[in-house]
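Enquirer: Please read through the structure below; I'll follow up with questions.
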Amino acid sequence: MLSKTIEEALNNQIRIEAESSQIYLAMACWAEVKGLEGVSNFMYAQSDEEREHMLKLVKFINERGGHAKISQLAAPNVTFKSFKEMFEKLFEHEVYVSQSINELVHISLQEKDYATHNFLQWYVAEQIEEEAVARTILDKINMIGDDKGGLYLFDRDIENLTVTTAATKATE
């Protein structure tokens with residue numbers, strides 16, 4: 001059984017994950033109209049993944065005797081000065097999500113809800129990966145600089161980007 005404190009915190013995370021999905025979707029649309037097909041496909045896939053993260057929380061809350069609530073979402077930014085700015089915003093958002101997950105873990109320990117704590121460990125590992133991917137992409141963008149040929153290759157290659165983290169290896 002979930003405490004009201006945990007239920008409320010998890011419901012807040014549902015909103016954050018839903019907003020994350022919307023942020024990636026808005027970025028996919030922006031990239032697509034800019035002709036960045038690889039970036040847009042990457043962002044569409046990430047949007048779907050964030051929605052899956054949200055649904056996982058919904059099911060967990062309901063299975064533990066709580067009531068998952070779907071709330072209003074903040075509208076995402078839909079324009080960017082450059083694809084670099086877009087990925088910088090993405091990285092900032094993933095750091096924000098990591099902080100939110102860490103706060104959830106803290107609350108679960110305060111409430112002595114070890115089932116929720118155990119459930120959240122998947123999200124902790126996932127956020128390590130999400131931040132590493134965003135950081136890797138920014139490193140590649142910084143290497144490219146203003147080189148149009150580099151942007152072309154980046155756009156082509158991003159769909160196949162894989163980043164292996166220590167957390168990824170621990171869960172394999």
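Going through the structure tokens in order, the chains are called A, B, and so on, while each chain numbers its residues from 1 and the ligands are numbered from 1 in the order shown.
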With a distance cut-off of 8 Å and only C-alpha atoms, select the neighbouring residues of stretch 49-64 of chain A, excluding the residue or stretch itself and same-chain residues fewer than 6 positions from it, and output the selection as a list in words.
Expert: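 Residues near the query, excluding close chain neighbours: Met1, Leu2, Glu7, Leu10, Asn11, Gln13, Ile14, Arg15, Glu17, Ala18, Ser20 and Ser21 of chain A.
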Enquirer: Could you save the residues just selected, with all heavy atoms, as a compact mmCIF listing (two decimals), in the first residue's frame?
Expert:
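Here's the written file result07.txt:
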# COMPACT_ATOMS: atom_id res chain seq x y z
N MET A 1 0.84 -1.18 0.00
CA MET A 1 0.00 0.00 0.00
C MET A 1 0.89 1.24 0.00
O MET A 1 1.84 1.32 0.76
CB MET A 1 -0.88 -0.04 1.25
CG MET A 1 -1.98 0.93 1.24
SD MET A 1 -3.32 0.32 0.22
CE MET A 1 -4.51 1.57 0.50
N LEU A 2 0.56 2.18 -0.86
CA LEU A 2 1.33 3.42 -0.95
C LEU A 2 0.84 4.43 0.08
O LEU A 2 -0.36 4.58 0.29
CB LEU A 2 1.15 4.06 -2.33
CG LEU A 2 1.74 3.34 -3.53
CD1 LEU A 2 1.36 4.06 -4.81
CD2 LEU A 2 3.24 3.23 -3.41
N GLU A 7 2.35 8.40 -3.04
CA GLU A 7 1.41 8.46 -4.16
C GLU A 7 1.46 9.84 -4.83
O GLU A 7 1.50 9.93 -6.07
CB GLU A 7 -0.01 8.16 -3.67
CG GLU A 7 -1.03 8.14 -4.78
CD GLU A 7 -2.43 7.79 -4.30
OE1 GLU A 7 -2.59 7.28 -3.16
OE2 GLU A 7 -3.37 8.03 -5.06
N LEU A 10 4.81 10.21 -6.73
CA LEU A 10 4.81 9.41 -7.95
C LEU A 10 3.90 10.01 -9.02
O LEU A 10 4.24 10.01 -10.21
CB LEU A 10 4.41 7.96 -7.65
CG LEU A 10 5.42 7.13 -6.88
CD1 LEU A 10 4.79 5.80 -6.45
CD2 LEU A 10 6.69 6.89 -7.68
N ASN A 11 2.76 10.55 -8.60
CA ASN A 11 1.87 11.22 -9.55
C ASN A 11 2.54 12.46 -10.15
O ASN A 11 2.35 12.76 -11.33
CB ASN A 11 0.53 11.57 -8.91
CG ASN A 11 -0.46 10.43 -9.02
OD1 ASN A 11 -0.67 9.89 -10.10
ND2 ASN A 11 -1.05 10.05 -7.91
N GLN A 13 5.69 12.64 -10.68
CA GLN A 13 6.66 12.09 -11.65
C GLN A 13 5.96 11.67 -12.93
O GLN A 13 6.54 11.77 -14.02
CB GLN A 13 7.43 10.93 -11.03
CG GLN A 13 8.64 10.51 -11.85
CD GLN A 13 9.69 11.61 -11.94
OE1 GLN A 13 9.91 12.35 -10.98
NE2 GLN A 13 10.33 11.72 -13.08
N ILE A 14 4.72 11.22 -12.84
CA ILE A 14 3.94 10.90 -14.05
C ILE A 14 3.86 12.15 -14.92
O ILE A 14 4.08 12.09 -16.13
CB ILE A 14 2.53 10.39 -13.69
CG1 ILE A 14 2.59 8.97 -13.16
CG2 ILE A 14 1.59 10.47 -14.90
CD1 ILE A 14 1.27 8.44 -12.63
N ARG A 15 3.55 13.29 -14.30
CA ARG A 15 3.47 14.54 -15.06
C ARG A 15 4.82 14.88 -15.69
O ARG A 15 4.89 15.25 -16.87
CB ARG A 15 3.01 15.69 -14.16
CG ARG A 15 2.88 17.02 -14.89
CD ARG A 15 2.67 18.19 -13.94
NE ARG A 15 3.63 18.26 -12.85
CZ ARG A 15 4.90 18.67 -12.97
NH1 ARG A 15 5.36 19.05 -14.12
NH2 ARG A 15 5.68 18.70 -11.92
N GLU A 17 7.26 12.84 -16.55
CA GLU A 17 7.55 11.92 -17.66
C GLU A 17 6.69 12.25 -18.88
O GLU A 17 7.16 12.20 -20.02
CB GLU A 17 7.34 10.47 -17.23
CG GLU A 17 8.25 9.99 -16.11
CD GLU A 17 9.73 9.94 -16.46
OE1 GLU A 17 10.08 9.87 -17.65
OE2 GLU A 17 10.56 9.98 -15.52
N ALA A 18 5.42 12.61 -18.66
CA ALA A 18 4.54 13.00 -19.77
C ALA A 18 5.07 14.27 -20.43
O ALA A 18 5.09 14.38 -21.67
CB ALA A 18 3.11 13.20 -19.27
N SER A 20 8.15 15.20 -20.45
CA SER A 20 9.37 14.80 -21.15
C SER A 20 9.03 14.26 -22.54
O SER A 20 9.69 14.58 -23.52
CB SER A 20 10.13 13.73 -20.35
OG SER A 20 10.58 14.26 -19.13
N SER A 21 7.99 13.44 -22.60
CA SER A 21 7.55 12.90 -23.89
C SER A 21 7.16 14.03 -24.83
O SER A 21 7.52 14.03 -26.02
CB SER A 21 6.38 11.94 -23.69
OG SER A 21 5.94 11.43 -24.93
Enquirer: DSSP says helix (DSSP H, G or I) for which residues of stretch 35-144 of chain A? Put them as a ChimeraX atom specification?
Expert: /A:37-63,83-110,114-144
Enquirer: Between atom CA of A:Tyr96 and atom CA of A:Ile16, what is the distance, to one decimal in Å?
Expert: 9.4 Å
Enquirer: List the spatial neighbours of A:Thr5 as number ranges by chain - criterion: any atom at most 12 Å away, only C-alpha atoms, same-chain residues fewer than 3 positions off excluded.
Expert: A: 1-2, 8-12, 66, 104, 106-113, 116
